[in-house]
file structure15.txt (compact mmCIF, C-alpha atoms)
# COMPACT_ATOMS: atom_id res chain seq x y z
CA MET A 19 123.96 -101.60 -16.95
CA THR A 20 121.64 -99.40 -18.94
CA HIS A 21 122.52 -98.92 -22.59
CA ASN A 22 120.66 -97.44 -25.51
CA THR A 23 117.39 -96.64 -23.77
CA THR A 24 114.97 -95.42 -26.40
CA ALA A 25 111.30 -94.61 -26.35
CA ASN A 26 109.06 -96.50 -28.69
CA THR A 27 105.82 -94.59 -28.83
CA VAL A 28 102.64 -96.40 -29.78
CA GLU A 29 100.41 -93.74 -31.26
CA SER A 30 97.25 -93.87 -33.27
CA PRO A 31 97.50 -92.58 -36.83
CA SER A 32 96.22 -89.02 -37.11
CA LYS A 33 93.04 -90.17 -38.90
CA ILE A 34 92.01 -92.44 -36.01
CA PRO A 35 91.36 -90.54 -32.78
CA SER A 36 92.57 -92.00 -29.51
CA ILE A 37 90.09 -93.57 -27.09
CA LEU A 38 91.00 -90.72 -24.73
CA ASP A 39 89.87 -88.16 -27.33
CA GLN A 40 86.57 -89.92 -27.96
CA HIS A 41 85.44 -90.07 -24.34
CA SER A 42 85.54 -87.96 -21.22
CA TRP A 43 89.11 -88.25 -20.00
CA PRO A 44 90.33 -87.94 -17.28
CA PRO A 45 87.66 -89.55 -15.14
CA THR A 46 85.90 -87.05 -12.94
CA PRO A 47 87.19 -85.99 -10.39
CA LEU A 48 90.75 -87.35 -10.81
CA SER A 49 92.49 -84.33 -12.33
CA ALA A 50 95.89 -85.93 -11.58
CA LEU A 51 95.23 -88.25 -14.52
CA SER A 52 95.07 -85.29 -16.93
CA ALA A 53 98.83 -85.88 -17.35
CA VAL A 54 97.91 -89.09 -19.19
CA THR A 55 97.39 -88.02 -22.82
CA ARG A 56 97.93 -91.28 -24.72
CA ALA A 57 96.01 -94.53 -24.67
CA SER A 58 99.25 -96.53 -24.71
CA ASN A 59 102.99 -96.14 -24.87
CA GLN A 60 106.14 -98.04 -24.05
CA VAL A 61 109.82 -97.56 -23.45
CA LEU A 62 112.45 -100.18 -24.15
CA GLU A 63 116.06 -100.85 -23.36
CA LYS A 64 118.52 -102.91 -25.37
CA ARG A 65 121.24 -104.38 -23.21
CA GLU A 66 124.78 -105.36 -24.18
CA ASP A 67 123.86 -109.05 -24.31
CA GLY A 68 121.23 -108.29 -26.97
CA THR A 69 118.18 -108.73 -24.75
CA LEU A 70 115.32 -106.23 -24.79
CA HIS A 71 113.51 -105.06 -21.67
CA GLY A 72 110.65 -102.62 -21.50
CA VAL A 73 107.70 -101.18 -19.65
CA ARG A 74 104.39 -100.29 -21.27
CA TYR A 75 100.97 -99.02 -20.28
CA VAL A 76 97.51 -99.30 -21.76
CA VAL A 77 94.50 -97.15 -20.83
CA ALA A 78 91.16 -98.66 -21.83
CA ALA A 79 87.53 -97.78 -21.38
CA GLU A 80 85.43 -100.52 -19.86
CA PRO A 81 82.85 -101.64 -22.39
CA SER A 82 79.35 -100.36 -21.92
CA THR A 83 76.41 -100.32 -24.29
CA LEU A 84 74.24 -97.30 -24.94
CA ARG A 85 75.54 -95.31 -22.00
CA PRO A 86 78.52 -93.13 -21.13
CA ILE A 87 81.74 -94.76 -20.03
CA ARG A 88 81.43 -95.80 -16.41
CA SER A 89 84.96 -96.98 -15.74
CA TRP A 90 88.51 -97.04 -17.05
CA THR A 91 91.36 -99.47 -16.58
CA ILE A 92 95.06 -98.70 -16.61
CA ASN A 93 97.51 -101.57 -16.85
CA ILE A 94 101.27 -101.16 -16.52
CA GLU A 95 103.45 -104.15 -17.35
CA LYS A 96 107.11 -104.96 -17.77
CA TRP A 97 108.33 -107.30 -20.47
CA SER A 98 111.54 -108.87 -21.65
CA CYS A 99 112.70 -110.59 -24.79
CA GLU A 100 115.61 -112.96 -24.21
CA SER A 101 115.38 -114.53 -27.67
CA LEU A 102 112.85 -114.74 -30.46
CA ALA A 103 111.12 -117.65 -28.74
CA THR A 104 111.38 -116.33 -25.18
CA ILE A 105 109.21 -113.29 -24.53
CA SER A 106 107.75 -112.77 -21.08
CA ALA A 107 105.45 -110.12 -19.64
CA GLU A 108 104.44 -109.39 -16.07
CA ASP A 109 101.79 -107.00 -14.79
CA ILE A 110 103.19 -104.41 -12.40
CA LEU A 111 100.16 -102.28 -11.57
CA PHE A 112 96.53 -102.48 -12.62
CA ILE A 113 93.81 -100.07 -11.50
CA ARG A 114 90.11 -99.75 -12.33
CA ILE A 115 88.66 -96.28 -11.91
CA LEU A 116 85.00 -95.28 -11.89
CA ASN A 117 83.91 -92.21 -13.82
CA MET A 118 82.01 -90.23 -11.17
CA SER A 119 79.74 -87.30 -11.86
CA ASP A 120 80.60 -85.20 -8.82
CA ASN A 121 83.70 -83.05 -8.42
CA ASP A 122 83.29 -82.61 -4.71
CA ASN A 123 85.13 -84.45 -1.98
CA VAL A 124 87.47 -86.96 -3.62
CA GLU A 125 87.23 -90.23 -1.77
CA TYR A 126 89.66 -92.52 -3.53
CA SER A 127 87.99 -95.56 -1.97
CA ARG A 128 84.83 -94.73 -3.97
CA ILE A 129 86.62 -93.96 -7.24
CA VAL A 130 89.41 -96.55 -7.40
CA LYS A 131 87.67 -99.93 -7.48
CA ASP A 132 90.51 -102.38 -8.07
CA ILE A 133 94.23 -102.30 -7.37
CA ILE A 134 96.41 -105.22 -8.40
CA VAL A 135 100.16 -104.98 -7.77
CA ASN A 136 102.44 -107.72 -9.09
CA GLY A 137 99.45 -110.05 -9.45
CA GLU A 138 98.16 -109.48 -5.92
CA LYS A 139 94.76 -107.82 -5.44
CA LEU A 140 94.90 -105.22 -2.67
CA THR A 141 92.23 -103.80 -0.41
CA VAL A 142 91.20 -100.35 -1.58
CA ASP A 143 90.98 -97.55 0.96
CA ASN A 144 91.52 -93.81 0.54
CA GLN A 145 95.29 -94.05 1.03
CA SER A 146 95.90 -97.06 -1.24
CA GLY A 147 93.62 -95.56 -3.91
CA PHE A 148 95.51 -92.26 -3.81
CA ASN A 149 98.88 -94.06 -3.87
CA ALA A 150 97.81 -96.20 -6.84
CA VAL A 151 96.77 -93.14 -8.86
CA MET A 152 99.98 -91.28 -8.03
CA ALA A 153 102.18 -94.31 -8.84
CA THR A 154 100.31 -94.72 -12.13
CA VAL A 155 100.89 -91.08 -13.06
CA LEU A 156 104.60 -91.39 -12.19
CA PHE A 157 105.05 -94.58 -14.26
CA ILE A 158 103.22 -93.09 -17.26
CA SER A 159 105.09 -89.77 -17.05
CA LYS A 160 108.45 -91.59 -17.09
CA ILE A 161 107.41 -93.82 -20.00
CA ASP A 162 106.08 -90.86 -22.01
CA ALA A 163 109.37 -89.02 -21.38
CA GLY A 164 111.27 -92.01 -22.82
CA ARG A 165 112.81 -93.10 -19.51
CA LEU A 166 112.61 -96.60 -18.09
CA PRO A 167 110.99 -96.22 -14.64
CA ASP A 168 112.58 -97.78 -11.56
CA ILE A 169 109.74 -100.19 -10.79
CA ASP A 170 110.87 -101.37 -7.35
CA LYS A 171 111.66 -97.86 -6.14
CA THR A 172 108.33 -96.46 -7.34
CA LEU A 173 106.31 -99.28 -5.78
CA SER A 174 108.27 -98.83 -2.54
CA ILE A 175 107.71 -95.05 -2.45
CA TYR A 176 103.95 -95.57 -2.76
CA ASN A 177 103.92 -98.38 -0.14
CA PHE A 178 103.21 -101.24 -2.53
CA LYS A 179 106.45 -103.11 -1.83
CA ASN A 180 108.27 -103.97 1.38
call {"tool": "encode", "arguments": {"input": "structure15.txt", "output": "structure tokens"}}
result
Amino acid sequence: MTHNTTANTVESPSKIPSILDQHSWPPTPLSALSAVTRASNQVLEKREDGTLHGVRYVVAAEPSTLRPIRSWTINIEKWSCESLATISAEDILFIRILNMSDNDNVEYSRIVKDIIVNGEKLTVDNQSGFNAVMATVLFISKIDAGRLPDIDKTLSIYNFKN
């Protein structure tokens, strides 16, 4: 029942550079994240009954004082608006990534520090870290292309859902 799917891009005005422009993005050595070129974006869908549903992402640098950025967070959430007073949001996927200085052997268990799927914190190993990065890139690519991602299918493909 998809109708009128439109992309609503959240972009910084041209005078204010994006956080991604101001700092070293993508985190070394995760070149797969070079596909992520915006700090945030969303796509929404208006259904026949007048409700709005959407998915958005936000990329943020972890705060640090007087030193280069050491980590990044990426949060992907779905939201719905049933009426003016009823707006709900739910985190789908959250990852924290360290900015490493070496480009050598990529061990995702050393780079991806936190993975939270549907509110559940997962154990990070090389496979789950890789899957989290790839799922993140897929979600963001779909959102940036103006398409509502199939959340359940994507989480299932990357072994985050039974």
call {"tool": "atom_distance", "arguments": {"input": "structure15.txt", "atom1": "CA of Val155 in chain A", "atom2": "CA of Glu100 in chain A"}}
result
28.6 Å
call {"tool": "residues_around", "arguments": {"input": "structure15.txt", "residues": "range 140-154 of chain A", "least_positions_apart": "6", "cutoff": "8 Å", "atoms": "all atoms listed in the file", "output": "PyMOL selection string"}}
result
chain A and resi 50-51+92+94+111+113+125-127+129-134+172-173+176-177
call {"tool": "residues_around", "arguments": {"input": "structure15.txt", "residues": "Ala107 in chain A", "least_positions_apart": "6", "cutoff": "9 Å", "atoms": "all atoms listed in the file", "output": "MDAnalysis selection string"}}
result
chainID A and resid 95:99
call {"tool": "atom_distance", "arguments": {"input": "structure15.txt", "atom1": "CA of Glu138 in chain A", "atom2": "CA of Phe112 in chain A"}}
result
9.8 Å
call {"tool": "atom_distance", "arguments": {"input": "structure15.txt", "atom1": "CA of Ser101 in chain A", "atom2": "CA of Lys64 in chain A"}}
result
12.3 Å
call {"tool": "closest_residue", "arguments": {"input": "structure15.txt", "among": "A:Arg74, A:Arg65, A:Arg56, A:Arg88", "to": "Ile169 in chain A", "atoms": "only C-alpha atoms"}}
result
A:Arg74
call {"tool": "closest_residue", "arguments": {"input": "structure15.txt", "among": "A:Val124, A:Arg114, A:Ala103, A:Asn93", "to": "Ile158 in chain A", "atoms": "all atoms listed in the file"}}
result
A:Asn93
call {"tool": "closest_residue", "arguments": {"input": "structure15.txt", "among": "A:Leu116, A:Phe178, A:Ile105, A:Gly72", "to": "Thr91 in chain A", "atoms": "all atoms listed in the file"}}
result
A:Leu116
call {"tool": "closest_residue", "arguments": {"input": "structure15.txt", "among": "A:Leu102, A:Leu62, A:Arg128, A:Ile110", "to": "Ser89 in chain A", "atoms": "all atoms listed in the file"}}
result
A:Arg128
call {"tool": "closest_residue", "arguments": {"input": "structure15.txt", "among": "A:Ile161, A:Pro167, A:Glu63, A:Asn117", "to": "Ser49 in chain A", "atoms": "all atoms listed in the file"}}
result
A:Asn117
